[in-house]
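Source file: data-v2.cif; contents: mmCIF, C-alpha atoms.
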```
data_model
#
loop_
_atom_site.label_atom_id
_atom_site.label_comp_id
_atom_site.auth_asym_id
_atom_site.auth_seq_id
_atom_site.Cartn_x
_atom_site.Cartn_y
_atom_site.Cartn_z
CA MET A 1 10.24 12.58 -79.03
CA SER A 2 12.37 10.50 -81.38
CA ASN A 3 11.05 12.40 -84.40
CA SER A 4 12.10 15.73 -82.92
CA VAL A 5 15.52 14.35 -82.05
CA ASP A 6 15.95 12.99 -85.59
CA THR A 7 14.94 16.36 -87.04
CA ALA A 8 17.40 18.18 -84.78
CA VAL A 9 20.19 15.80 -85.79
CA GLN A 10 19.44 16.31 -89.49
CA LEU A 11 19.40 20.09 -89.11
CA ALA A 12 22.68 20.05 -87.19
CA ASP A 13 24.33 17.78 -89.76
CA LEU A 14 23.14 20.04 -92.60
CA SER A 15 24.59 23.12 -90.90
CA ALA A 16 27.86 21.43 -90.00
CA THR A 17 28.64 19.79 -93.36
CA THR A 18 27.33 22.14 -96.05
CA LEU A 19 28.24 25.66 -94.88
CA LEU A 20 31.70 27.20 -95.25
CA ARG A 21 32.55 30.68 -94.08
CA PHE A 22 35.62 32.09 -95.78
CA ALA A 23 37.34 35.44 -96.15
CA THR A 24 39.40 36.88 -98.97
CA ALA A 25 42.41 39.16 -98.57
CA GLY A 26 44.69 40.76 -101.09
CA SER A 27 46.35 44.07 -101.78
CA VAL A 28 44.93 46.58 -104.22
CA ASP A 29 46.45 45.22 -107.43
CA ASP A 30 46.43 41.49 -106.72
CA GLY A 31 43.12 40.89 -108.52
CA LYS A 32 40.93 40.02 -105.52
CA SER A 33 37.82 41.64 -107.01
CA THR A 34 38.33 39.72 -110.23
CA LEU A 35 38.73 36.46 -108.29
CA VAL A 36 35.52 37.07 -106.34
CA GLY A 37 33.71 38.01 -109.55
CA ARG A 38 35.05 34.93 -111.32
CA LEU A 39 33.95 32.65 -108.47
CA LEU A 40 30.45 34.11 -108.51
CA HIS A 41 30.18 34.10 -112.32
CA ASP A 42 31.57 30.64 -113.03
CA SER A 43 29.60 29.06 -110.18
CA LYS A 44 26.42 30.52 -111.72
CA SER A 45 25.82 32.73 -108.68
CA VAL A 46 25.33 36.02 -110.54
CA LEU A 47 21.83 37.18 -111.42
CA THR A 48 21.08 37.89 -115.07
CA ASP A 49 20.46 41.61 -114.52
CA GLN A 50 23.74 41.91 -112.59
CA LEU A 51 25.67 40.30 -115.41
CA GLU A 52 23.94 42.47 -118.02
CA ALA A 53 24.88 45.59 -116.06
CA VAL A 54 28.52 44.46 -115.88
CA GLU A 55 28.55 43.70 -119.62
CA ALA A 56 27.09 47.12 -120.43
CA ALA A 57 29.60 48.91 -118.19
CA SER A 58 32.45 46.93 -119.74
CA LEU A 59 31.37 47.85 -123.28
CA LYS A 60 31.33 51.54 -122.32
CA ARG A 61 34.95 51.15 -121.27
CA GLY A 62 35.82 49.60 -124.59
CA GLN A 63 36.19 46.06 -123.24
CA GLU A 64 34.82 43.21 -125.31
CA ALA A 65 34.60 40.73 -122.42
CA PRO A 66 32.77 41.56 -119.18
CA ASP A 67 35.04 42.88 -116.43
CA LEU A 68 34.03 40.65 -113.52
CA ALA A 69 35.77 42.95 -111.06
CA LEU A 70 32.90 45.38 -111.59
CA LEU A 71 30.68 43.06 -109.54
CA THR A 72 32.37 44.46 -106.42
CA ASP A 73 33.21 47.98 -107.60
CA GLY A 74 30.38 49.56 -105.65
CA LEU A 75 31.77 48.15 -102.43
CA ARG A 76 35.22 49.48 -103.16
CA ALA A 77 33.72 52.94 -103.72
CA GLU A 78 32.11 52.71 -100.29
CA ARG A 79 35.48 51.94 -98.75
CA GLU A 80 36.95 55.02 -100.36
CA GLN A 81 34.29 57.07 -98.59
CA GLY A 82 35.78 56.09 -95.24
CA ILE A 83 33.31 53.50 -93.93
CA THR A 84 34.68 52.19 -90.63
CA ILE A 85 33.71 48.50 -90.66
CA ASP A 86 32.46 47.65 -94.11
CA VAL A 87 33.17 43.99 -94.78
CA ALA A 88 30.93 42.88 -97.64
CA TYR A 89 29.32 39.49 -97.23
CA ARG A 90 28.48 37.46 -100.33
CA TYR A 91 26.18 34.46 -100.22
CA PHE A 92 26.34 31.77 -102.91
CA ALA A 93 25.94 28.04 -103.22
CA THR A 94 26.89 25.05 -105.34
CA PRO A 95 25.28 21.60 -105.28
CA ARG A 96 27.96 20.47 -102.84
CA ARG A 97 28.10 23.30 -100.29
CA ARG A 98 26.76 26.70 -99.25
CA PHE A 99 29.16 29.62 -98.77
CA ILE A 100 29.37 32.88 -96.88
CA LEU A 101 32.19 34.96 -98.35
CA ALA A 102 33.56 37.89 -96.37
CA ASP A 103 35.08 40.24 -98.93
CA THR A 104 37.68 42.18 -96.96
CA PRO A 105 40.00 45.00 -98.11
CA GLY A 106 43.66 44.23 -97.63
CA HIS A 107 45.49 47.56 -97.37
CA VAL A 108 47.30 48.22 -94.10
CA GLN A 109 44.83 50.97 -93.24
CA TYR A 110 42.05 48.37 -93.38
CA THR A 111 43.58 45.79 -91.05
CA ARG A 112 40.52 46.14 -88.82
CA ASN A 113 38.30 45.15 -91.75
CA MET A 114 40.19 41.92 -92.34
CA VAL A 115 40.02 41.14 -88.63
CA THR A 116 36.25 41.61 -88.76
CA GLY A 117 35.80 39.36 -91.78
CA ALA A 118 38.23 36.63 -90.71
CA SER A 119 37.07 36.44 -87.09
CA THR A 120 34.35 33.89 -87.94
CA ALA A 121 35.99 32.36 -91.02
CA ASP A 122 36.82 28.68 -91.40
CA LEU A 123 39.17 29.52 -94.25
CA ALA A 124 41.06 32.52 -95.61
CA VAL A 125 42.05 33.04 -99.24
CA VAL A 126 45.23 35.12 -99.44
CA LEU A 127 45.87 36.48 -102.91
CA VAL A 128 49.37 37.11 -104.28
CA ASP A 129 50.44 38.64 -107.59
CA ALA A 130 52.73 36.10 -109.25
CA ARG A 131 54.91 38.93 -110.58
CA ASN A 132 55.56 40.38 -107.13
CA GLY A 133 55.65 37.29 -104.93
CA VAL A 134 55.39 37.43 -101.15
CA ILE A 135 55.44 41.06 -100.03
CA GLU A 136 54.87 42.79 -96.69
CA GLN A 137 51.15 42.86 -97.33
CA THR A 138 51.13 39.10 -97.84
CA ARG A 139 52.96 38.53 -94.57
CA ARG A 140 50.50 40.87 -92.85
CA HIS A 141 47.55 38.83 -94.11
CA ALA A 142 49.17 35.59 -92.97
CA ALA A 143 49.81 37.10 -89.54
CA VAL A 144 46.19 38.19 -89.13
CA ALA A 145 44.95 34.75 -90.19
CA ALA A 146 47.27 33.11 -87.65
CA LEU A 147 46.31 35.57 -84.93
CA LEU A 148 42.60 34.83 -85.47
CA ARG A 149 43.24 31.07 -85.51
CA VAL A 150 41.77 30.59 -89.00
CA PRO A 151 42.19 26.82 -89.46
CA HIS A 152 42.66 26.76 -93.26
CA VAL A 153 44.55 29.18 -95.50
CA VAL A 154 44.58 29.12 -99.31
CA LEU A 155 47.45 30.88 -101.07
CA ALA A 156 46.04 31.89 -104.45
CA VAL A 157 48.98 32.83 -106.67
CA ASN A 158 47.20 35.02 -109.22
CA LYS A 159 48.13 36.39 -112.65
CA MET A 160 50.01 33.27 -113.65
CA ASP A 161 49.20 34.20 -117.25
CA LEU A 162 51.54 37.19 -116.88
CA VAL A 163 54.49 34.96 -115.92
CA ALA A 164 53.90 32.47 -118.77
CA TYR A 165 52.37 29.95 -116.36
CA GLU A 166 55.86 29.08 -115.09
CA GLU A 167 55.87 26.32 -112.46
CA LYS A 168 59.12 27.62 -110.94
CA VAL A 169 57.55 31.00 -110.20
CA PHE A 170 54.63 29.38 -108.40
CA ALA A 171 56.81 26.91 -106.51
CA LYS A 172 59.09 29.65 -105.16
CA ILE A 173 56.18 31.77 -103.92
CA ALA A 174 54.40 28.77 -102.40
CA GLU A 175 57.53 27.62 -100.58
CA GLU A 176 58.25 31.07 -99.12
CA PHE A 177 54.66 31.67 -97.96
CA THR A 178 54.23 28.17 -96.52
CA ALA A 179 57.41 28.50 -94.47
CA TYR A 180 56.38 31.90 -93.10
CA ALA A 181 52.77 30.97 -92.32
CA GLY A 182 53.89 27.68 -90.80
CA GLU A 183 56.15 29.51 -88.37
CA LEU A 184 53.15 31.58 -87.28
CA GLY A 185 51.21 28.41 -86.48
CA VAL A 186 48.78 28.28 -89.42
CA PRO A 187 47.73 24.60 -89.30
CA GLU A 188 46.92 24.01 -92.98
CA ILE A 189 48.12 25.86 -96.08
CA THR A 190 47.05 25.04 -99.66
CA ALA A 191 48.73 26.83 -102.57
CA ILE A 192 46.88 27.09 -105.90
CA PRO A 193 48.19 28.77 -109.10
CA ILE A 194 45.42 30.76 -110.81
CA SER A 195 44.54 33.42 -113.31
CA ALA A 196 41.35 35.06 -112.13
CA LEU A 197 41.09 37.08 -115.34
CA ALA A 198 41.31 34.05 -117.62
CA GLY A 199 39.58 31.65 -115.23
CA ASP A 200 42.51 29.26 -114.83
CA ASN A 201 42.07 26.98 -111.79
CA VAL A 202 39.34 29.16 -110.25
CA VAL A 203 36.33 26.99 -111.04
CA GLU A 204 37.61 24.96 -113.98
CA PRO A 205 41.04 23.26 -114.21
CA SER A 206 43.62 25.08 -116.32
CA ALA A 207 44.83 23.66 -119.61
CA ASN A 208 47.82 26.01 -119.36
CA MET A 209 49.23 24.47 -116.16
CA ASP A 210 49.27 20.73 -116.71
CA TRP A 211 52.10 20.54 -114.18
CA TYR A 212 49.62 21.34 -111.40
CA GLY A 213 47.60 18.37 -110.20
CA GLY A 214 45.81 19.90 -107.22
CA PRO A 215 42.26 21.19 -106.86
CA THR A 216 40.81 24.38 -108.27
CA VAL A 217 39.86 27.12 -105.83
CA LEU A 218 36.18 26.18 -105.91
CA GLU A 219 36.89 22.48 -105.66
CA HIS A 220 39.00 23.08 -102.56
CA LEU A 221 36.31 25.30 -101.05
CA GLU A 222 33.75 22.56 -101.69
CA THR A 223 35.80 19.76 -100.16
CA VAL A 224 37.92 21.27 -97.39
CA PRO A 225 36.90 19.63 -94.09
CA VAL A 226 35.14 22.05 -91.76
CA SER A 227 35.62 20.92 -88.19
CA HIS A 228 32.53 21.27 -86.01
CA ASP A 229 33.45 18.91 -83.19
CA LEU A 230 30.28 18.49 -81.19
CA THR A 231 31.70 16.43 -78.34
CA SER A 232 35.31 17.23 -77.45
CA CYS A 233 35.17 21.05 -77.16
CA HIS A 234 34.32 22.86 -73.92
CA ALA A 235 30.52 23.07 -73.52
CA ARG A 236 29.30 26.63 -72.96
CA LEU A 237 25.82 28.19 -72.87
CA PRO A 238 25.66 32.00 -72.42
CA VAL A 239 22.23 32.77 -70.97
CA GLN A 240 20.31 35.21 -73.17
CA TYR A 241 16.92 35.12 -71.50
CA VAL A 242 15.17 33.59 -68.47
CA ILE A 243 11.80 32.12 -69.44
CA ARG A 244 9.08 32.10 -66.77
CA PRO A 245 5.59 31.86 -68.36
CA GLN A 246 3.79 31.60 -64.99
CA THR A 247 0.67 30.38 -66.75
CA ALA A 248 -1.92 27.90 -65.55
CA GLU A 249 -0.33 25.22 -67.76
CA LEU A 250 3.24 26.05 -66.69
CA PRO A 251 3.05 27.58 -63.22
CA ASP A 252 6.56 26.56 -62.11
CA TYR A 253 8.44 26.59 -65.44
CA ARG A 254 11.84 28.30 -65.27
CA GLY A 255 14.08 27.88 -68.29
CA TYR A 256 17.39 29.44 -69.30
CA ALA A 257 17.47 30.16 -73.02
CA GLY A 258 20.44 30.80 -75.26
CA GLN A 259 22.51 29.55 -78.17
CA ILE A 260 25.05 26.90 -77.26
CA ALA A 261 28.41 28.52 -78.00
CA ALA A 262 30.39 25.28 -77.91
CA GLY A 263 30.15 21.63 -76.97
CA THR A 264 27.31 19.37 -75.90
CA PHE A 265 24.83 19.34 -73.01
CA ARG A 266 22.94 16.27 -71.76
CA VAL A 267 20.02 15.76 -69.42
CA GLY A 268 21.26 14.66 -65.99
CA GLU A 269 24.64 16.37 -66.41
CA PRO A 270 25.93 18.39 -63.42
CA VAL A 271 26.49 22.03 -64.37
CA THR A 272 27.94 25.17 -62.82
CA VAL A 273 26.63 28.70 -63.31
CA LEU A 274 29.33 31.35 -63.67
CA PRO A 275 30.41 33.75 -62.31
CA SER A 276 28.42 32.84 -59.16
CA GLY A 277 29.75 29.29 -59.00
CA ARG A 278 26.37 27.81 -58.05
CA THR A 279 25.85 24.20 -59.11
CA SER A 280 22.89 22.12 -60.20
CA ARG A 281 21.94 19.37 -62.65
CA ILE A 282 20.19 19.55 -66.04
CA ALA A 283 16.60 18.40 -65.55
CA GLY A 284 15.50 18.93 -69.13
CA ILE A 285 16.38 20.45 -72.52
CA ASP A 286 13.78 22.10 -74.76
CA LEU A 287 14.63 22.38 -78.46
CA LEU A 288 12.21 23.68 -81.10
CA GLY A 289 9.31 23.24 -78.71
CA GLU A 290 10.16 19.62 -77.92
CA SER A 291 12.05 17.90 -75.11
CA VAL A 292 15.37 16.27 -76.06
CA ASP A 293 18.05 14.41 -74.13
CA ILE A 294 21.06 16.06 -75.80
CA ALA A 295 21.85 19.35 -77.55
CA TRP A 296 24.96 20.86 -79.08
CA THR A 297 26.41 23.92 -80.78
CA PRO A 298 25.05 25.95 -82.53
CA GLN A 299 21.53 24.98 -81.45
CA SER A 300 19.38 27.48 -79.55
CA VAL A 301 17.88 25.71 -76.55
CA THR A 302 16.30 26.20 -73.15
CA LEU A 303 17.89 24.40 -70.22
CA LEU A 304 15.85 23.45 -67.15
CA LEU A 305 17.75 22.82 -63.91
CA GLU A 306 16.84 20.70 -60.91
CA ASP A 307 17.47 23.54 -58.46
CA ASP A 308 15.82 26.95 -58.35
CA ILE A 309 18.91 29.18 -58.33
CA ASP A 310 19.50 32.80 -59.25
CA ILE A 311 20.45 32.99 -62.93
CA SER A 312 20.10 35.99 -65.25
CA ARG A 313 21.17 37.20 -68.69
CA GLY A 314 24.96 37.21 -68.99
CA ASP A 315 25.55 34.15 -66.82
CA LEU A 316 27.40 31.21 -68.34
CA ILE A 317 26.25 27.61 -67.85
CA VAL A 318 29.07 25.05 -68.12
CA PRO A 319 29.70 21.42 -67.16
CA SER A 320 30.85 21.25 -63.54
CA GLY A 321 33.89 19.21 -64.51
CA ASP A 322 34.97 21.61 -67.25
CA ALA A 323 34.45 25.11 -65.88
CA PRO A 324 36.79 27.95 -66.88
CA ALA A 325 38.36 30.04 -64.17
CA THR A 326 36.78 33.43 -63.50
CA THR A 327 38.92 36.53 -63.41
CA GLN A 328 38.79 40.30 -63.26
CA ASP A 329 42.18 40.70 -64.95
CA VAL A 330 41.89 40.07 -68.67
CA GLU A 331 45.09 39.75 -70.69
CA ALA A 332 44.43 39.73 -74.40
CA THR A 333 45.40 40.74 -77.90
CA VAL A 334 43.10 43.37 -79.37
CA CYS A 335 42.64 44.95 -82.76
CA HIS A 336 41.62 48.58 -82.39
CA VAL A 337 38.78 49.40 -84.80
CA ALA A 338 37.63 52.88 -83.73
CA ASP A 339 38.95 56.21 -84.99
CA GLN A 340 39.53 57.51 -81.46
CA PRO A 341 42.54 55.92 -79.70
CA LEU A 342 42.48 53.42 -76.84
CA THR A 343 44.59 54.72 -73.95
CA VAL A 344 45.90 53.50 -70.59
CA GLY A 345 43.44 54.40 -67.84
CA GLN A 346 40.49 54.63 -70.20
CA ARG A 347 37.10 53.50 -68.88
CA VAL A 348 35.33 51.07 -71.18
CA LEU A 349 32.62 48.44 -71.29
CA LEU A 350 33.67 44.85 -71.97
CA LYS A 351 31.11 42.68 -73.76
CA HIS A 352 31.73 38.94 -73.52
CA THR A 353 29.03 36.70 -75.05
CA THR A 354 25.80 38.01 -73.46
CA ARG A 355 27.51 39.71 -70.51
CA THR A 356 28.60 43.37 -70.43
CA VAL A 357 30.62 44.77 -67.52
CA LYS A 358 32.47 47.97 -66.68
CA ALA A 359 36.22 47.87 -67.10
CA ILE A 360 39.37 49.99 -67.22
CA VAL A 361 42.42 49.64 -69.46
CA LYS A 362 45.24 49.10 -66.98
CA GLU A 363 48.15 48.55 -69.37
CA ILE A 364 49.03 48.40 -73.04
CA PRO A 365 52.27 46.40 -72.81
CA SER A 366 53.04 46.28 -76.52
CA ARG A 367 51.90 47.02 -80.05
CA LEU A 368 52.45 44.43 -82.76
CA THR A 369 54.12 45.38 -86.03
CA LEU A 370 52.63 42.94 -88.53
CA ASP A 371 55.28 43.59 -91.16
CA ASP A 372 57.98 41.78 -89.17
CA LEU A 373 56.03 40.63 -86.06
CA SER A 374 58.16 42.79 -83.79
CA GLN A 375 56.73 44.14 -80.52
CA HIS A 376 56.77 47.89 -79.86
CA PRO A 377 56.98 48.09 -76.06
CA ALA A 378 54.66 50.27 -73.93
CA PRO A 379 53.10 52.35 -76.72
CA GLY A 380 50.70 53.99 -74.25
CA ARG A 381 47.82 53.86 -76.69
CA LEU A 382 46.44 52.07 -79.74
CA VAL A 383 44.99 53.83 -82.78
CA ALA A 384 42.80 52.57 -85.61
CA ASN A 385 44.07 49.29 -87.15
CA ASP A 386 46.67 48.76 -84.41
CA ILE A 387 47.00 45.30 -82.91
CA GLY A 388 48.42 45.16 -79.41
CA ARG A 389 48.46 43.47 -76.03
CA VAL A 390 46.27 44.90 -73.27
CA LEU A 391 45.58 44.27 -69.60
CA VAL A 392 41.99 45.12 -68.68
CA ARG A 393 40.55 45.12 -65.15
CA THR A 394 36.81 44.40 -64.97
CA ALA A 395 34.32 45.47 -62.30
CA GLU A 396 32.87 41.95 -62.11
CA PRO A 397 34.39 38.49 -62.64
CA LEU A 398 34.28 37.02 -66.15
CA ALA A 399 34.54 33.42 -67.29
CA LEU A 400 36.69 33.63 -70.43
CA ASP A 401 38.24 30.75 -72.28
CA SER A 402 41.49 31.20 -74.11
CA TYR A 403 40.84 32.28 -77.70
CA ALA A 404 43.09 29.42 -78.80
CA ASP A 405 40.60 27.00 -77.19
CA SER A 406 37.35 28.71 -78.20
CA ARG A 407 36.99 31.53 -80.71
CA ARG A 408 33.44 32.18 -79.46
CA THR A 409 33.94 32.30 -75.69
CA GLY A 410 37.52 33.55 -75.89
CA SER A 411 36.61 36.74 -77.75
CA PHE A 412 35.15 40.02 -76.54
CA LEU A 413 34.52 43.65 -77.48
CA LEU A 414 35.65 46.84 -75.79
CA ILE A 415 32.95 49.52 -76.05
CA ASP A 416 32.88 53.25 -75.39
CA PRO A 417 30.41 53.69 -72.48
CA ALA A 418 29.55 57.22 -73.64
CA ASP A 419 28.11 56.44 -77.06
CA GLY A 420 28.26 52.66 -77.54
CA THR A 421 31.00 52.79 -80.17
CA THR A 422 32.97 49.57 -80.59
CA LEU A 423 36.58 50.38 -79.73
CA ALA A 424 38.42 47.08 -80.06
CA ALA A 425 37.94 43.40 -80.75
CA GLY A 426 39.77 41.22 -78.25
CA MET A 427 41.15 37.69 -78.11
CA ALA A 428 41.85 36.41 -74.60
CA GLY A 429 45.07 34.64 -73.76
CA GLU A 430 48.28 34.38 -75.71
CA SER A 431 48.70 35.48 -79.30
CA PHE A 432 50.92 33.53 -81.69
CA ALA A 433 53.90 35.61 -80.50
CA THR A 434 55.71 34.91 -77.24
CA HIS A 435 54.32 37.21 -74.61
CA LYS A 436 55.50 37.91 -71.11
CA ALA A 437 52.74 38.82 -68.69
CA PRO A 438 52.95 42.41 -67.50
CA ALA A 439 53.78 43.21 -63.92
CA SER A 440 50.84 43.80 -61.61
CA VAL A 441 49.69 47.38 -61.32
CA GLU A 442 47.84 49.29 -58.65
CA ASP A 443 44.20 50.17 -59.18
CA GLU A 444 43.45 53.64 -60.43
CA ALA A 445 41.93 55.99 -57.89
CA GLY A 446 38.15 55.87 -58.01
CA TRP A 447 38.04 52.46 -59.70
CA ASP A 448 38.07 50.05 -56.79
CA PHE A 449 37.69 46.76 -58.63
#
```
Would you write the structure of this file as structure tokens?
Amino acid sequence: MSNSVDTAVQLADLSATTLLRFATAGSVDDGKSTLVGRLLHDSKSVLTDQLEAVEAASLKRGQEAPDLALLTDGLRAEREQGITIDVAYRYFATPRRRFILADTPGHVQYTRNMVTGASTADLAVVLVDARNGVIEQTRRHAAVAALLRVPHVVLAVNKMDLVAYEEKVFAKIAEEFTAYAGELGVPEITAIPISALAGDNVVEPSANMDWYGGPTVLEHLETVPVSHDLTSCHARLPVQYVIRPQTAELPDYRGYAGQIAAGTFRVGEPVTVLPSGRTSRIAGIDLLGESVDIAWTPQSVTLLLEDDIDISRGDLIVPSGDAPATTQDVEATVCHVADQPLTVGQRVLLKHTTRTVKAIVKEIPSRLTLDDLSQHPAPGRLVANDIGRVLVRTAEPLALDSYADSRRTGSFLLIDPADGTTLAAGMAGESFATHKAPASVEDEAGWDF
């Protein structure tokens, strides 16, 4: 058994220390496509045929050097065709770390796209044109990063070559952005002066900015600490499947399989099954076909319990001493992603981890204006790209954590029950803005929850 445990530990350490998920955001003319292309090109992550195609297209345009922005041009064309959720994921690696890059559009009409890409990101790169400084779009990107609790934000001040690589220009922009993002609660902000077109401080240090002694963009991406605390976070296992082979070899086997969403589980630990509230103790943990004494996020495991209790897909197994409260009244911040509006009184499905329940939108207390973080009271509905507060009443109890405590078990989706369309992405609990809980409301007729 020790060999299997050692293998599991090595796999977990590899996943935790060498993979970084990050998202990019920038307005149309900030040079985001060039930055992404430069990162891929200078880190040797572009295939030969891709580079040859870019060079040929650049020559046709009369450009001597390859236009690295063309590496993402096809994706931008797709966006112009009106794709709803079209975040482009890029995979590349260096000897020090593997990366998943979520290439997100930054225009206000694509707020939902940035929310999609940044929802799982450990880091967000916010691009700013050095000539324009911090604009409304920049503040919007910082607000979305703060709202989604992205732990690390990089301010990439681009086009420094067009402002003569002036340190004062960079310092002013960095100071203004850091102050604004800090007020929103962004925990860590790193400002880097770059020229994506010329390659300054993207992968290689710039000879034109000797006054800057910090890391390049790639160096920071390779070394930024990615926190995967395996012991202190709330342990949660959403049940995906109940395994009962009922074979001659395993006549009484009953296991509860799923991916650990957070925390650590140990054999012998008392656990509670939610929303029923039934309790038991972990009798065994199966991982990769072997029995282990301990397992943690993001491993996929099967838990065996001492007691034969009723558990099915959608239930949540948690430590008995650290169980979240169950509720049928969900207060949350949502980003509306569908073209049809979300309205008060609308019937929806709420999907939380592996559990999907009927629900009704009881209130939409406010809509957030990202430009200045003001709250528009009682808008009555949310349309595509809107971010607002909602009060949702569910038909069955749910065990939600606050999104501030757990991005995995504090998030959910609202779904149209008629056609399965995703309507909104939700984050339970308080947003970064001060929020006063709405007054209680009476149940709608016919929805006796």
Handout entry: Contacts of segment 262-279 of chain A within 7 Å, only C-alpha atoms, excl. fewer than 2 positions in-chain, as a PyMOL selection string
Key = chain A and resi 230-236+260+281-285+293-297+315-320+326+397-399
Handout entry: Contacts of Asp30 of chain A within 12 Å, all atoms listed in the file, excl. fewer than 2 positions in-chain, as a ChimeraX atom specification
Key = /A:24-28,32-36,69,105-107,126-135,137-138,156-160,194-197
Exercise for the section: Name the residues that the PyMOL selection byres ((chain A and resi 221-226) around 12) picks from the file above, as a ChimeraX atom specification, using the file's chain letters and numbers. Expected result: /A:13,15-23,39,43,92-101,121-125,150-154,188-190,192,202-203,215-220,227-229
Got a sec: who's within 7 Å of Thr343 of chain A, counting all atoms listed in the file, leaving out chain neighbours fewer than 4 positions off, as a PDB file with C-alpha atoms, in the coordinates of the input?
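Listing of result07.pdb after writing:
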```pdb
ATOM      1  CA  GLY A 380      50.700  53.990 -74.250  1.00  0.00           C
ATOM      2  CA  ARG A 381      47.820  53.860 -76.690  1.00  0.00           C
ATOM      3  CA  LEU A 382      46.440  52.070 -79.740  1.00  0.00           C
TER       4      LEU A 382
END
```
Exercise for the section: List the residues matched by the PyMOL selection byres ((chain A and resi 176) around 12) in the displayed structure as a list in words, ordered by chain and then by residue number. Expected result: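 Selection result, ordered by chain and number: Val128, Gly133, Val134, Ile135, Thr138, Arg139, Ala142, Leu155, Val169, Phe170, Ala171, Lys172, Ile173, Ala174, Glu175, Phe177, Thr178, Ala179, Tyr180, Ala181, Gly182, Glu183, Ile189 and Ala191 of chain A.
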Practice task
Record the distance separating atom CA of Leu288 of chain A and atom CA of Val301 of chain A, expressed in Å with one decimal.
Solution key: 7.5 Å
Exercise for the section: Between A:Asn201, A:Ser119, A:Gln346, A:Val186, single out the one closest to Phe412 of chain A, counting only C-alpha atoms. Expected result: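 That would be A:Ser119, the residue with the smallest distance to Phe412 of chain A.
Counting all atoms listed in the file and comparing A:Arg389, A:Arg90, A:Lys168, A:Arg140, the residue that lies closest to Tyr212 of chain A is A:Lys168.
The gap separating atom CA of Pro377 of chain A from atom CA of Pro365 of chain A is 6.0 Å, in Å to one decimal.
What separates atom CA of Trp211 of chain A from atom CA of His141 of chain A is a distance of 27.5 Å.
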Exercise for the section: Name every residue that the PyMOL selection byres ((chain A and resi 355-363) around 10) selects in this structure, writing the answer as a PyMOL selection string with chains first and numbers rising. Expected result: chain A and resi 238-240+312-316+328-331+342-354+364-366+378-381+389-399+412-415+417+438-444+447+449
With C-alpha atoms retained, write the just-selected residues as a compact mmCIF listing (two decimals), keeping the file's coordinate frame.
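Saved to out11.txt:
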```txt
# COMPACT_ATOMS: atom_id res chain seq x y z
CA PRO A 238 25.66 32.00 -72.42
CA VAL A 239 22.23 32.77 -70.97
CA GLN A 240 20.31 35.21 -73.17
CA SER A 312 20.10 35.99 -65.25
CA ARG A 313 21.17 37.20 -68.69
CA GLY A 314 24.96 37.21 -68.99
CA ASP A 315 25.55 34.15 -66.82
CA LEU A 316 27.40 31.21 -68.34
CA GLN A 328 38.79 40.30 -63.26
CA ASP A 329 42.18 40.70 -64.95
CA VAL A 330 41.89 40.07 -68.67
CA GLU A 331 45.09 39.75 -70.69
CA LEU A 342 42.48 53.42 -76.84
CA THR A 343 44.59 54.72 -73.95
CA VAL A 344 45.90 53.50 -70.59
CA GLY A 345 43.44 54.40 -67.84
CA GLN A 346 40.49 54.63 -70.20
CA ARG A 347 37.10 53.50 -68.88
CA VAL A 348 35.33 51.07 -71.18
CA LEU A 349 32.62 48.44 -71.29
CA LEU A 350 33.67 44.85 -71.97
CA LYS A 351 31.11 42.68 -73.76
CA HIS A 352 31.73 38.94 -73.52
CA THR A 353 29.03 36.70 -75.05
CA THR A 354 25.80 38.01 -73.46
CA ILE A 364 49.03 48.40 -73.04
CA PRO A 365 52.27 46.40 -72.81
CA SER A 366 53.04 46.28 -76.52
CA ALA A 378 54.66 50.27 -73.93
CA PRO A 379 53.10 52.35 -76.72
CA GLY A 380 50.70 53.99 -74.25
CA ARG A 381 47.82 53.86 -76.69
CA ARG A 389 48.46 43.47 -76.03
CA VAL A 390 46.27 44.90 -73.27
CA LEU A 391 45.58 44.27 -69.60
CA VAL A 392 41.99 45.12 -68.68
CA ARG A 393 40.55 45.12 -65.15
CA THR A 394 36.81 44.40 -64.97
CA ALA A 395 34.32 45.47 -62.30
CA GLU A 396 32.87 41.95 -62.11
CA PRO A 397 34.39 38.49 -62.64
CA LEU A 398 34.28 37.02 -66.15
CA ALA A 399 34.54 33.42 -67.29
CA PHE A 412 35.15 40.02 -76.54
CA LEU A 413 34.52 43.65 -77.48
CA LEU A 414 35.65 46.84 -75.79
CA ILE A 415 32.95 49.52 -76.05
CA PRO A 417 30.41 53.69 -72.48
CA PRO A 438 52.95 42.41 -67.50
CA ALA A 439 53.78 43.21 -63.92
CA SER A 440 50.84 43.80 -61.61
CA VAL A 441 49.69 47.38 -61.32
CA GLU A 442 47.84 49.29 -58.65
CA ASP A 443 44.20 50.17 -59.18
CA GLU A 444 43.45 53.64 -60.43
CA TRP A 447 38.04 52.46 -59.70
CA PHE A 449 37.69 46.76 -58.63
```
Problem - Nearest residue to Ala207 of chain A from the set A:Tyr165, A:Ala146, A:His336, A:Asp419 (distances using all atoms listed in the file) - result: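 Using all atoms listed in the file, the shortest distance to Ala207 of chain A belongs to A:Tyr165.
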Exercise for the section: Counting all atoms listed in the file, figure out which residue out of A:Val115, A:Ile311, A:Leu287, A:Val144 gets nearest to Tyr241 of chain A. Expected result: A:Ile311
Problem - Selected residue, from A:Glu136, A:Asp42, A:Glu166, A:Asp386, that lies nearest to Gln340 of chain A when counting only C-alpha atoms - result: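 Between A:Glu136, A:Asp42, A:Glu166, A:Asp386, the residue approaching Gln340 of chain A most closely is A:Asp386.
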